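Enquirer: To start, I am sharing the structure in question, which I have written as structure tokens.
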Amino acid sequence: MKWLDFETIPKVILEREPDYPPWAVSLTNTLVNRTGSWRIFRPKYFDKTPPCNDACPAHEKIQGYMELVKQKKFLEGYELIIEDNPFPSITGRVCFHPCEASCNRGEYDESLGIHNVERFLGDYGLKRAKAKKSAAHISKQIAIIGSGPAGLTCAYYLAKSGYKVIVYEHFSLPGGMLRVGIPAYRLPKDILNKEIRKLEVLGVKFKTNFTLGKDIFLDDLKQTNDAVFIATGAHKSRNLGVPEEKTRGVYSGLEFLAQINSGKRPRIGKEILVIGGGNTAVDAARSALRLGILPKILYRRTRHEMPAVAEEVQEAENEGIPIHFLVAPVKVIKSKGRITRLECQKMKLGKPDESGRRRPVPIKGSNFRIKCDSVICAIGEQIDLSVLTDDIATTGWSISADDWGRTNLPNIFAGGDCVTGPKMVVDAIAAGKRTALAIDSYFTSREIKEEPNPEITLFSNLNIGYFELAQKVTMPGLNVKERKRNFREVHLGYNELMVYKEADRCFSCGVCNKCDNCFVFCPDLAVMKSDDKYDFDYDYCKGCGVCAYECPRNAISMEEEEAR
Amino acid sequence: MKKVITGNHAVSYGAQLARSQVIAAYPITPQTQIVELLSEFCASGKLNAKFIKVESEHSAMSACIAAAATGARTFTATSSQGLALMHEMLHWAAGARLPVVLANVNRAMGPGWSVWTDQNDSLSQRDLGWLQFYCESNQEVMDTVIQAFKIGEKVLLPVMVILDAFVLSHTSEPVDIPDQELVDRFLPLPPVNLPYKLDVEDPHAFGALTSPDHYYEIRFKIQKAQDEAVQVAKEVDEEFKNILGRGYGIVEPYRCDDAKLILVTSGTITGTARIVVDSERVKGRKVGLLKIRMFRPTPIKELREILPRAQKVVVIDRNISFGHSGVFCQEIKSALYGLPVQPTIFGFIIGIGGRDVTAQDIEEIVDYASKTEKPDSIILWRGVRL
């Protein structure tokens with residue numbers, strides 16, 4: 001009996017095959033379905049401001065030049081910097097780089113060495129960029145008093161725009177604080193000279209050995225020029241305020257530096273105390289060391305409150321300079337008209353003062369004396385208002401001017417340290433640039449361009465999974481032994497390989513750098529790519545937001561669709 | 001060219017000779033060497049394929065599905081827990097009728113954690129629509145991978161090529177690696193000709209919501225393709241034999257013609273059983289062997305033709321379907337259902353979790369079955385330690 005024969009009985013008995021595709025597939029082409037109509041959120045390419053650009057007082061387009069360095073377009077990188085800061089070879093050396101403190105990479109591994117890259121581009125540009133020749137074609141003349149970073153910058157941008165510019169300088173060479181305040185081991189003189197030469201080629205006239213209030217007067221300048229920019233800085237050393245401080249052997253920090261920086265060897269003893277915790281104090285101490293003397297730094301608060309840049313303090317300590325904290329001078333002890341000892345007092349930290357730092361409070365009965373033959377006093381610089389005319393409004397200690405350098409007088413502008421008190425070189429550069437814009441606007445009524453987009457990309461806005469850990473490229477430099485008894489530059493700069501490697505660490509926060517992630521991830525193929533940009537095909541983009549999420553750098557924003 | 005290589009590398013050579021275009025895989029012992037070698041082939045340019053690194057087997061199969069949907073010849077390999085993690089996407093590959101080829105190294109499922117061989121991982125995936133081939137030697141592994149592409153691409157179903165952990169995966173044997181030119185004569189060059197492709201120029205919706213009005217028919221077609229696959233697999237094996245000189249059949253009967261007792265095996269136990277058949281024959285016992293190479297679709301016709309010749313059929317399962325019995329045993333009983341003459345079927349379970357299966361074990365099984373009229377129970381546990 002063949003009860004059930006699998007050979008003759010088929011498994012399936014049907015009259016005909018079902019007329020179906022082999023699997024679930026739409027028979028119509030899906031292009032007819034414009035799924036863009038489902039969208040309630042719309043992606044948009046929208047570049048934000050990287051935190052570095054924002055933190056830079058001059059608003060250098062840092063992310064922009066990092067991208068150019070990644071493409072090895074060094075000259076283009078230089079040109080991009082000098083749109084905002086004409087002296088990258090200077091700031092690349094002496095700037096305290098607030099950009100690096102705000103760099104998002106700092107929250108990941110280590111901040112980008114931005115100023116190292118800036119310095120490379122600055123030096124590259126000084127060597128390779130074609131000098132811009134004089135182009136004065138506007139019949140307006142501007143007098144600038146002071147050739148520090150504010151004055152030089154203002155002169156640069158005005159001359160570039162076609163104005164006639166004359167810069168007056170108190171010292172015998174232009175440069176202001178860049179020349180007399182900053183030691184050569186941080187900013188070699190030939191770099192400064194080359195930058196100033198750049199301005200001379202551009203047609204800027206320098207008149208040195210002109211002191212305001214002595215050789216030139218504001219009232220005259222006002223008459224003979226169409227506008228005047230006061231950028232005299234803060235050159236007056238603050239006094240110690242202790243008995244007998246006018247004794248021989250007590251020097252001002254700035255004077256001491258000015259002498260060294262003009263190539264003179266100051267007549268100074270062998271046992272030197274430097275009083276103060278700011279950059280002038282550290283510069284003075286490190287300069288003294290290079291004369292073959294081991295100074296001591298005395299500071300009345302602790303390391304934490306020191307206004308000097310931590311890196312410079314670290315270098316001073318590396319070089320062997322001792323720093324004594326919580327010590328303040330109370331009296332100069334002299335013998336035969338010369339200082340022999342400094343009487344000091346121990347301090348402790350009390351409640352915070354108006355600067356937010358804890359106030360040093362003397363400890364009673366803790367007085368002691370330190371043997372010395374010289375004291376360098378570097379407890380801060382002040383603005384000399386005595387050289388001004390009475391009609392200029394002041395705050396009592398500085399010139400009153402707005403962010404654009406506009407004073408109460410229509411054709412008188414002021415900026416830099418003489419307005420703000422001592423700040424960074426780049427702050428003065430920023431003030432010089434802004435004032436140049438304001439002066440131009442004063443003559444032409446051109447609107448002054450807004451500051452960068454206020455939307456900043458923070459670390460939390462990045463999709464950090466796309467970035468690999470990468471160590472910062474170390475800047476080569478002189479070892480401590482090599483620094484003794486000379487003023488050779490300590491840090492030696494990146495080479496092309498190093499600068500490329502370092503720039504490659506840049507996240508390009510908030511700015512599209514054409515990484516293709518949106519193009520790759522869009523599930524609707526709604527990202528259209530052309531040579532220079534991407535666009536969304538809103539006919540099909542469903543607004544899912546995958547592009548914005550997968551963008552490593554927050555360059556895509558999602559906006560709610562408006563009801564139609 | 002003959003080379004002494006492991007089963008894992010035999011798989012890699014097979015996938016390379018088949019000109020795989022996309023490989024997406026995640027490492028898992030004892031499979032890892034398969035994709036390691038393939039990644040080297042890709043890196044060195046020996047194989048012109050896109051190698052996609054993924055974060056899980058689920059993603060590996062997902063990537064394979066997407067790639068295969070464009071018509072790319074697609075390959076992956078996994079084992080045990082990895083195969084289980086793919087489960088959802090294994091359904092997808094079959095439901096979407098995509099001829100992905102997957103090499104699975106049979107490894108016992110945890111817990112207890114194991115890396116040694118048994119068949120429970122692949123047999124847990126038997127009902128999805130995938131074709132399944134169980135291999136006996138490294139040569140067969142390589143040849144089956146190449147055949148699998150051709151079979152799968154003809155019937156539009158994914159194919160699983162299965163080899164035992166360590167016994168094949170990490171054991172070296174001489175393998176004849178054919179010239180590319182010969183393989184190209186056997187296997188058409190990619191891309192695969194699909195009736196509907198994922199194509200940006202002609203976009204369609206794939207795998208979307210399918211109502212009861214349509215779903216049933218689509219499932220019907222999967223079974224129909226499985227039915228057709230029996231004949232296709234036989235023909236492809238024939239073509240392979242004509243061009244490359246080796247064939248395996250979908251099952252292989254060994255000394256079954258006059259056998260009174262037929263052993264049924266799969267995987268590497270077959271090789272051991274072959275030796276026992278020969279030694280039993282010397283002793284005068286008429287023992288035969290049926291090797292099941294293709295398990296899905298089940299070669300029902302062959303089973304019904306061959307097995308009723310003997311009075312006794314002894315099925316050796318290196319797996320257990322908990323709550324029932326060995327999977328091969330169940331399926332053979334089901335295949336023989338309705339025949340007027342039924343052999344007595346003994347269902348042995350052995351070697352679970354990679355415990356060694358020796359010739360002596362199989363001899364004792366034959367001895368027991370020869371001397372016993374009816375099995376004592378549905379499951380005959382061999383070698384459980386008390």
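Residue numbering restarts at 1 in every chain; chains get A, B, ... in the order shown in the structure tokens, and ligands count up from 1 in that same order.
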Once DSSP has gone over the backbone, tell me which residues of stretch 200-284 of chain A are in strand (DSSP E or B), as a list in words.
Expert: Lys205, Phe206, Lys207, Leu212, Ile216, Ala227, Val228, Phe229, Ile230, Lys236, Ser237, Arg248, Val250, Tyr251, Ser252, Ile272, Leu273, Val274 and Ile275 of chain A
Enquirer: Which residues of chain A are close to chain B, meaning at most 6 Å apart when you count only C-alpha atoms, and how do they look as an MDAnalysis selection string?
Expert: chainID A and resid 4 23:26 29:30
Enquirer: Any idea what's packed within 8 Å of A:Lys44, counting only C-alpha atoms, ignoring anything in its chain fewer than 5 positions away? Could you give it as a list in words?
Expert: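 Answer for this query is Phe536, Ile556, Ser557, Met558 and Glu559 of chain A.
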Enquirer: Can those selected residues be exported to a file as a PDB file, in the first residue's frame so that it contains N, CA, C and O atoms?
Expert:
```pdb
ATOM      1  N   PHE A 536      20.666  70.393   1.310  1.00  0.00           N
ATOM      2  CA  PHE A 536      19.650  69.391   1.600  1.00  0.00           C
ATOM      3  C   PHE A 536      18.615  69.378   0.489  1.00  0.00           C
ATOM      4  O   PHE A 536      18.225  70.427  -0.025  1.00  0.00           O
ATOM      5  N   ILE A 556      25.595  71.545  11.740  1.00  0.00           N
ATOM      6  CA  ILE A 556      24.227  71.450  11.215  1.00  0.00           C
ATOM      7  C   ILE A 556      23.268  71.745  12.364  1.00  0.00           C
ATOM      8  O   ILE A 556      23.434  71.217  13.463  1.00  0.00           O
ATOM      9  N   SER A 557      22.308  72.595  12.125  1.00  0.00           N
ATOM     10  CA  SER A 557      21.321  72.922  13.161  1.00  0.00           C
ATOM     11  C   SER A 557      19.971  72.400  12.734  1.00  0.00           C
ATOM     12  O   SER A 557      19.651  72.376  11.545  1.00  0.00           O
ATOM     13  N   MET A 558      19.166  71.987  13.709  1.00  0.00           N
ATOM     14  CA  MET A 558      17.801  71.559  13.423  1.00  0.00           C
ATOM     15  C   MET A 558      16.863  72.692  13.846  1.00  0.00           C
ATOM     16  O   MET A 558      16.926  73.161  14.979  1.00  0.00           O
ATOM     17  N   GLU A 559      16.031  73.092  12.914  1.00  0.00           N
ATOM     18  CA  GLU A 559      15.081  74.168  13.230  1.00  0.00           C
ATOM     19  C   GLU A 559      13.664  73.645  13.053  1.00  0.00           C
ATOM     20  O   GLU A 559      13.394  72.877  12.124  1.00  0.00           O
TER      21      GLU A 559
END
```
Enquirer: Hey, what's within 8 Å of B:Ile177 if we count only C-alpha atoms and toss same-chain stuff fewer than 5 positions away? As a list in words, please?
Expert: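 What passes the distance filter is Met1, Lys2, Lys3 and Tyr13 of chain B.
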Enquirer: Got a sec: who's within 8 Å of stretch 274-287 of chain A, counting only C-alpha atoms, leaving out chain neighbours fewer than 2 positions off, as a PyMOL selection string?
Expert: chain A and resi 181-183+253-254+256-257+260+272+289-291+295-300+306-309+312-313+316+319+321+329+375-380+487
Enquirer: Using only C-alpha atoms, which protein or nucleic acid residues come within 9 Å of A:His115? Drop anything in the same chain fewer than 6 positions from it, and give the result as a list of chain:residue names.
Expert: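 What passes the distance filter is A:Pro88, A:Thr91, A:Gly92, A:Arg93, A:Val94, A:Cys95, A:Phe96, A:His97, A:Cys99, A:Glu100.
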Enquirer: Kindly export the residues of the current selection with C-alpha atoms, as an mmCIF file, in the first residue's frame.
Expert:
```cif
data_model
loop_
_atom_site.group_PDB
_atom_site.id
_atom_site.type_symbol
_atom_site.label_atom_id
_atom_site.label_comp_id
_atom_site.auth_asym_id
_atom_site.auth_seq_id
_atom_site.Cartn_x
_atom_site.Cartn_y
_atom_site.Cartn_z
ATOM 1 C CA PRO A 88 51.255 86.637 14.150
ATOM 2 C CA THR A 91 51.623 86.990 19.198
ATOM 3 C CA GLY A 92 52.723 83.485 18.245
ATOM 4 C CA ARG A 93 55.571 84.072 20.696
ATOM 5 C CA VAL A 94 54.272 86.323 23.449
ATOM 6 C CA CYS A 95 50.511 85.888 23.528
ATOM 7 C CA PHE A 96 49.155 84.167 26.603
ATOM 8 C CA HIS A 97 46.750 82.393 24.255
ATOM 9 C CA CYS A 99 42.285 80.582 22.743
ATOM 10 C CA GLU A 100 44.091 77.521 24.052
#
```
